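Dropping coords23.txt in here (compact mmCIF, C-alpha atoms):
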```txt
# COMPACT_ATOMS: atom_id res chain seq x y z
CA MET A 1 -26.23 27.71 13.49
CA PRO A 2 -27.56 25.10 11.08
CA VAL A 3 -26.19 21.64 11.80
CA PRO A 4 -25.42 19.38 8.82
CA SER A 5 -27.37 16.17 8.80
CA ARG A 6 -25.62 12.87 9.42
CA ALA A 7 -26.55 11.78 5.92
CA ALA A 8 -24.91 14.84 4.36
CA GLY A 9 -21.73 14.33 6.37
CA ALA A 10 -21.56 10.65 5.53
CA GLU A 11 -22.08 11.32 1.82
CA ARG A 12 -19.32 13.92 1.77
CA ALA A 13 -16.90 11.56 3.53
CA LEU A 14 -17.79 8.81 1.08
CA LEU A 15 -17.12 11.05 -1.92
CA ARG A 16 -13.84 12.24 -0.41
CA ASP A 17 -12.69 8.68 0.27
CA GLN A 18 -13.69 7.55 -3.23
CA ALA A 19 -11.76 10.45 -4.78
CA PHE A 20 -8.74 9.71 -2.59
CA ARG A 21 -8.66 6.03 -3.48
CA ALA A 22 -9.12 6.68 -7.20
CA LEU A 23 -6.35 9.29 -7.32
CA ARG A 24 -4.02 7.20 -5.16
CA ALA A 25 -4.49 4.19 -7.43
CA ALA A 26 -3.87 6.29 -10.55
CA ILE A 27 -0.63 7.65 -9.10
CA VAL A 28 0.60 4.28 -7.87
CA ASP A 29 -0.13 2.44 -11.13
CA GLY A 30 1.43 5.18 -13.25
CA THR A 31 -1.74 6.47 -14.91
CA LEU A 32 -0.79 9.82 -13.42
CA GLN A 33 2.94 10.24 -14.00
CA PRO A 34 5.50 11.93 -11.70
CA GLY A 35 5.51 15.66 -12.37
CA GLU A 36 2.09 15.61 -14.04
CA ARG A 37 -0.05 18.62 -13.20
CA LEU A 38 -3.42 17.93 -11.58
CA VAL A 39 -6.18 20.37 -12.53
CA ASP A 40 -9.20 20.50 -10.24
CA ALA A 41 -11.75 20.92 -13.02
CA GLU A 42 -10.38 17.94 -14.94
CA LEU A 43 -10.28 15.78 -11.80
CA CYS A 44 -13.86 16.72 -10.91
CA GLU A 45 -15.04 15.73 -14.38
CA TRP A 46 -13.08 12.49 -14.33
CA LEU A 47 -14.21 11.46 -10.85
CA GLY A 48 -17.74 12.80 -11.14
CA VAL A 49 -17.58 14.76 -7.89
CA SER A 50 -17.48 18.41 -6.84
CA ARG A 51 -14.35 20.39 -6.04
CA THR A 52 -14.60 19.95 -2.26
CA PRO A 53 -14.00 16.17 -2.09
CA VAL A 54 -11.28 16.53 -4.72
CA ARG A 55 -9.43 19.14 -2.68
CA GLU A 56 -9.86 17.08 0.50
CA ALA A 57 -8.47 14.03 -1.29
CA ILE A 58 -5.51 16.04 -2.60
CA ALA A 59 -4.78 17.33 0.92
CA ARG A 60 -4.53 13.75 2.15
CA LEU A 61 -2.39 12.73 -0.83
CA GLU A 62 -0.04 15.60 0.00
CA GLN A 63 0.23 14.37 3.60
CA ILE A 64 1.40 10.93 2.48
CA GLY A 65 3.79 12.33 -0.11
CA LEU A 66 2.10 11.42 -3.38
CA VAL A 67 1.41 14.98 -4.58
CA GLN A 68 3.03 18.36 -4.16
CA VAL A 69 0.84 21.44 -3.68
CA ARG A 70 2.15 24.92 -4.32
CA ALA A 71 -0.06 27.61 -2.84
CA ALA A 72 -1.90 29.68 -5.46
CA SER A 73 0.03 27.85 -8.14
CA SER A 74 -0.43 24.18 -8.99
CA THR A 75 -0.69 20.60 -7.79
CA THR A 76 1.59 18.00 -9.31
CA VAL A 77 2.26 14.31 -8.82
CA SER A 78 5.34 13.92 -6.65
CA PRO A 79 8.50 12.66 -8.34
CA LEU A 80 9.94 9.34 -7.26
CA ASP A 81 12.02 10.30 -4.24
CA VAL A 82 14.73 7.92 -3.03
CA ARG A 83 14.79 9.34 0.49
CA ALA A 84 11.00 9.34 0.89
CA THR A 85 10.83 5.77 -0.36
CA ALA A 86 13.59 4.67 2.02
CA GLU A 87 11.79 6.31 4.95
CA ALA A 88 8.51 4.63 3.99
CA GLN A 89 10.33 1.31 3.61
CA ALA A 90 11.79 1.54 7.12
CA VAL A 91 8.36 2.19 8.63
CA ALA A 92 6.69 -0.56 6.57
CA ALA A 93 9.38 -3.11 7.49
CA ALA A 94 8.99 -2.33 11.20
CA MET A 95 5.19 -2.53 11.04
CA HIS A 96 5.20 -5.81 9.12
CA GLU A 97 7.71 -7.23 11.60
CA LEU A 98 5.36 -6.29 14.44
CA ALA A 99 2.34 -7.67 12.59
CA ALA A 100 4.03 -11.06 12.16
CA ARG A 101 5.18 -11.19 15.77
CA GLU A 102 1.67 -10.50 17.06
CA ALA A 103 -0.15 -12.65 14.49
CA VAL A 104 1.81 -15.91 14.50
CA PRO A 105 0.47 -17.20 17.85
CA ALA A 106 -3.10 -16.62 16.61
CA LEU A 107 -2.77 -18.11 13.12
CA VAL A 108 -4.91 -21.06 12.09
CA ALA A 109 -4.28 -23.56 9.31
CA GLY A 110 -6.52 -21.62 6.93
CA ASP A 111 -4.39 -18.50 7.36
CA LEU A 112 -1.24 -20.37 6.44
CA ASP A 113 -2.98 -21.94 3.46
CA THR A 114 -4.04 -18.47 2.32
CA MET A 115 -0.45 -17.24 2.51
CA THR A 116 0.85 -20.25 0.60
CA ALA A 117 -1.77 -19.79 -2.12
CA ALA A 118 -0.97 -16.08 -2.35
CA ASN A 119 2.72 -16.88 -2.77
CA THR A 120 1.93 -19.37 -5.54
CA THR A 121 -0.10 -16.68 -7.31
CA PHE A 122 2.71 -14.21 -6.70
CA ALA A 123 5.28 -16.51 -8.31
CA ALA A 124 3.06 -17.11 -11.34
CA ALA A 125 2.45 -13.39 -11.76
CA LEU A 126 6.19 -12.64 -11.65
CA ALA A 127 6.87 -15.37 -14.21
CA ALA A 128 4.21 -13.90 -16.49
CA GLY A 129 5.48 -10.34 -16.01
CA ASP A 130 2.10 -9.28 -14.60
CA VAL A 131 3.13 -6.56 -12.16
CA ASP A 132 -0.41 -5.67 -11.07
CA ALA A 133 -1.17 -9.30 -10.19
CA ALA A 134 2.17 -9.65 -8.39
CA ILE A 135 1.47 -6.61 -6.22
CA ALA A 136 -2.05 -7.84 -5.45
CA ALA A 137 -0.72 -11.28 -4.46
CA ASP A 138 2.01 -9.69 -2.31
CA ASP A 139 -0.69 -7.63 -0.58
CA ALA A 140 -2.74 -10.77 0.01
CA PHE A 141 0.28 -12.59 1.46
CA HIS A 142 1.33 -9.90 3.93
CA GLY A 143 -2.25 -8.91 4.60
CA VAL A 144 -2.84 -12.12 6.54
CA PHE A 145 -0.48 -11.06 9.32
CA VAL A 146 -1.92 -7.53 9.33
CA ARG A 147 -5.49 -8.83 9.55
CA VAL A 148 -4.82 -11.45 12.21
CA CYS A 149 -2.81 -9.18 14.49
CA GLY A 150 -5.78 -6.77 14.56
CA ASN A 151 -3.67 -3.71 15.39
CA ARG A 152 -5.58 -0.74 13.96
CA ARG A 153 -2.79 1.78 14.49
CA LEU A 154 -0.41 -0.49 12.61
CA SER A 155 -2.91 -0.76 9.76
CA GLY A 156 -3.27 3.01 9.66
CA LEU A 157 0.47 3.57 9.37
CA LEU A 158 0.73 1.02 6.58
CA GLU A 159 -2.16 2.71 4.78
CA ASP A 160 -0.06 5.88 4.65
CA VAL A 161 3.36 4.50 3.71
CA THR A 162 2.52 1.59 1.43
CA PRO A 163 1.50 3.67 -1.63
CA LEU A 164 5.00 5.17 -1.79
CA LEU A 165 6.48 1.70 -1.82
CA ARG A 166 4.07 0.42 -4.44
CA ARG A 167 5.53 2.87 -6.95
CA ALA A 168 9.00 1.40 -6.36
CA GLU A 169 7.66 -2.15 -6.35
CA ARG A 170 6.27 -1.74 -9.85
CA ALA A 171 9.86 -1.47 -11.06
CA ARG A 172 11.15 -4.27 -8.82
CA PHE A 173 8.42 -6.79 -9.57
CA GLY A 174 8.87 -6.14 -13.26
CA SER A 175 12.43 -7.43 -13.05
CA LEU A 176 14.16 -10.65 -12.03
CA THR A 177 15.17 -9.13 -8.68
CA GLY A 178 11.62 -9.48 -7.42
CA ARG A 179 11.69 -13.25 -7.71
CA ALA A 180 13.79 -13.63 -4.57
CA SER A 181 10.64 -12.71 -2.63
CA VAL A 182 9.03 -16.03 -3.55
CA ALA A 183 11.59 -17.98 -1.51
CA GLN A 184 11.46 -15.39 1.26
CA HIS A 185 7.69 -15.74 1.46
CA ALA A 186 7.98 -19.52 1.64
CA ARG A 187 10.46 -19.21 4.51
CA ILE A 188 8.11 -16.86 6.38
CA VAL A 189 5.28 -19.40 6.09
CA GLU A 190 7.59 -22.19 7.24
CA LEU A 191 8.58 -20.27 10.35
CA ALA A 192 5.00 -19.25 11.08
CA ARG A 193 3.79 -22.84 10.68
CA ALA A 194 6.43 -23.90 13.24
CA GLY A 195 5.10 -21.26 15.65
CA ASP A 196 8.35 -19.28 15.54
CA ALA A 197 6.94 -15.77 15.95
CA GLU A 198 10.33 -14.11 16.34
CA GLY A 199 11.80 -15.89 13.33
CA ALA A 200 8.79 -15.09 11.15
CA ALA A 201 8.88 -11.46 12.30
CA ARG A 202 12.56 -11.09 11.41
CA ALA A 203 12.07 -12.79 8.04
CA ASN A 204 9.08 -10.59 7.29
CA ARG A 205 11.09 -7.48 8.09
CA GLU A 206 13.99 -8.64 5.91
CA ASN A 207 11.59 -9.28 3.04
CA TRP A 208 10.39 -5.69 3.13
CA LEU A 209 13.93 -4.36 3.40
CA THR A 210 14.93 -6.04 0.12
CA LEU A 211 12.89 -3.44 -1.77
CA ARG A 212 15.06 -0.86 -3.47
CA PRO A 213 13.70 2.45 -4.81
```
Written as C-alpha cells, how would this file's structure read?
Amino acid sequence: MPVPSRAAGAERALLRDQAFRALRAAIVDGTLQPGERLVDAELCEWLGVSRTPVREAIARLEQIGLVQVRAASSTTVSPLDVRATAEAQAVAAAMHELAAREAVPALVAGDLDTMTAANTTFAAALAAGDVDAAIAADDAFHGVFVRVCGNRRLSGLLEDVTPLLRRAERARFGSLTGRASVAQHARIVELARAGDAEGAARANRENWLTLRP
C-alpha cells in the first residue's frame, strides 16, 4: 500500500491543529454563539482549509464539550452547561493545585516577578473592563506554575477543560465579582515567595473554585 510521506502527514496535522485552535477561540470569545449551527462549507471557506481538517477539528471540539454533533444532521456550538462547567472547574482546580505544589520548590525570583506583573496587568484589565486582556493576564499568572512544574499530563488535561471555563470567565471577569481574584493572586505569590508549597497549592485551588458558571 502507498505510505503517506512525513511531509504530507505533518501538513495535515498542522492544518487540523490550526482549524481546531481557530474554532476553539471563536467559540470561547463568543464569535460563534451557543446554539449556532456550524456548516462545513462555510468553515472551510473561513479557515481556508479542506473539509478533512475541519471535521477532525470538530471531532476534537466535540470531545472537550464545545460542540454537539448529531449524526447525519448538524453540528452546533454547545450551550453553556452548568454541570459541564462545574465538572471542568473541579478538574482545573485540582490540576492547578498540583501544579503549584510541584512548582513552588523550583521557582526562581524571575518567576515570581512574572506572576506579580501578570497580576498587575490583570487588575488593570478588570478596572478597564477589558475581558480579553484579563483572561490573557490570568493565563499568564497561572501559566507560571504550569510551566515550571513541567508535568505534561497535567498540561494536557488543562488544555481540554480550560476552554469550557473561559466561556464562564468572560461573564465573571466582566463583573465586579472577578476583582476578588486580584487579592487571591497576590496571596498565592506571597505564599510561593515564602516557599510554602502546600499553602500556595491550596490558595491556587481556592482561586479556581471561586469561578461560577
ask   = CA of Ala88 (chain A) and CA of Thr116 (chain A), how far apart in Å?
value =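 Taking CA of Thr116 (chain A) and CA of Ala88 (chain A), their separation equals 26.3 Å.
What separates CA of Leu47 (chain A) from CA of Ile27 (chain A) is a distance of 14.2 Å.
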query = Which residues come within 9 Å of region 163-167 of chain A, counting only C-alpha atoms, excluding same-chain residues fewer than 2 positions away, as a list in words?
reply =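 These residues fall inside the cut-off: Arg24, Ala25, Ile27, Val28, Asp29, Gly30, Ile64, Gly65, Leu66, Leu80, Ala84, Thr85, Ala86, Ala88, Gln89, Ala92, Ile135, Leu158, Glu159, Asp160, Val161, Glu169, Arg170, Ala171, Leu211 and Pro213 of chain A.
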Test item: residues at most 8 Å from Gln68 (chain A), all atoms listed in the file, excluding those fewer than 3 positions along its chain, as a PyMOL selection string = chain A and resi 62+65+75-78
task = Measure the distance from CA of Ala94 (chain A) to CA of Arg205 (chain A) in Å and round it to one decimal.
result = 6.4 Å
Enumerate, as a CSV table (one decimal) with C-alpha atoms, in the coordinates of the input, the protein, DNA and RNA residues whose atoms approach (1.2, -14.6, 1.5) to within 8 Å, taking into account all atoms listed in the file and the coordinate frame of the file.
```
chain,number,residue,atom,x,y,z
A,112,LEU,CA,-1.2,-20.4,6.4
A,114,THR,CA,-4.0,-18.5,2.3
A,115,MET,CA,-0.4,-17.2,2.5
A,116,THR,CA,0.8,-20.2,0.6
A,117,ALA,CA,-1.8,-19.8,-2.1
A,118,ALA,CA,-1.0,-16.1,-2.4
A,119,ASN,CA,2.7,-16.9,-2.8
A,137,ALA,CA,-0.7,-11.3,-4.5
A,138,ASP,CA,2.0,-9.7,-2.3
A,139,ASP,CA,-0.7,-7.6,-0.6
A,140,ALA,CA,-2.7,-10.8,0.0
A,141,PHE,CA,0.3,-12.6,1.5
A,142,HIS,CA,1.3,-9.9,3.9
A,143,GLY,CA,-2.2,-8.9,4.6
A,144,VAL,CA,-2.8,-12.1,6.5
A,185,HIS,CA,7.7,-15.7,1.5
A,189,VAL,CA,5.3,-19.4,6.1
```
key: Nearest residue to Phe145 (chain A) from the set A:Ala200, A:Ala194, A:Val82, A:Val182 (distances using all atoms listed in the file)   = A:Ala200
query = Residues around (5.7, -22.3, 13.7), cut-off 12 Å, counting only C-alpha atoms - what are they as an MDAnalysis selection string?
reply = chainID A and resid 100:101 103:109 112 187:201
Would you give the centre and edge lengths, in Å to one decimal, of a box along x, y and z around the listed atoms of region 68-76 of chain A, with 8 Å added to each side, as JSON?
```
{"center_x": 0.6, "center_y": 23.8, "center_z": -6.1, "size_x": 20.9, "size_y": 27.7, "size_z": 22.5}
```
A:Arg51, A:Arg152, A:Arg179, A:Arg60 ranked by distance to Arg21 (chain A), top pick (using all atoms listed in the file) =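 The shortest atom-to-atom distance to Arg21 (chain A) comes from A:Arg60.
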ask   = Restricting the calculation to all atoms listed in the file, which member of A:Gln18, A:Ser74, A:Thr31, A:Thr162 is positioned closest to Val54 (chain A)?
value = A:Gln18
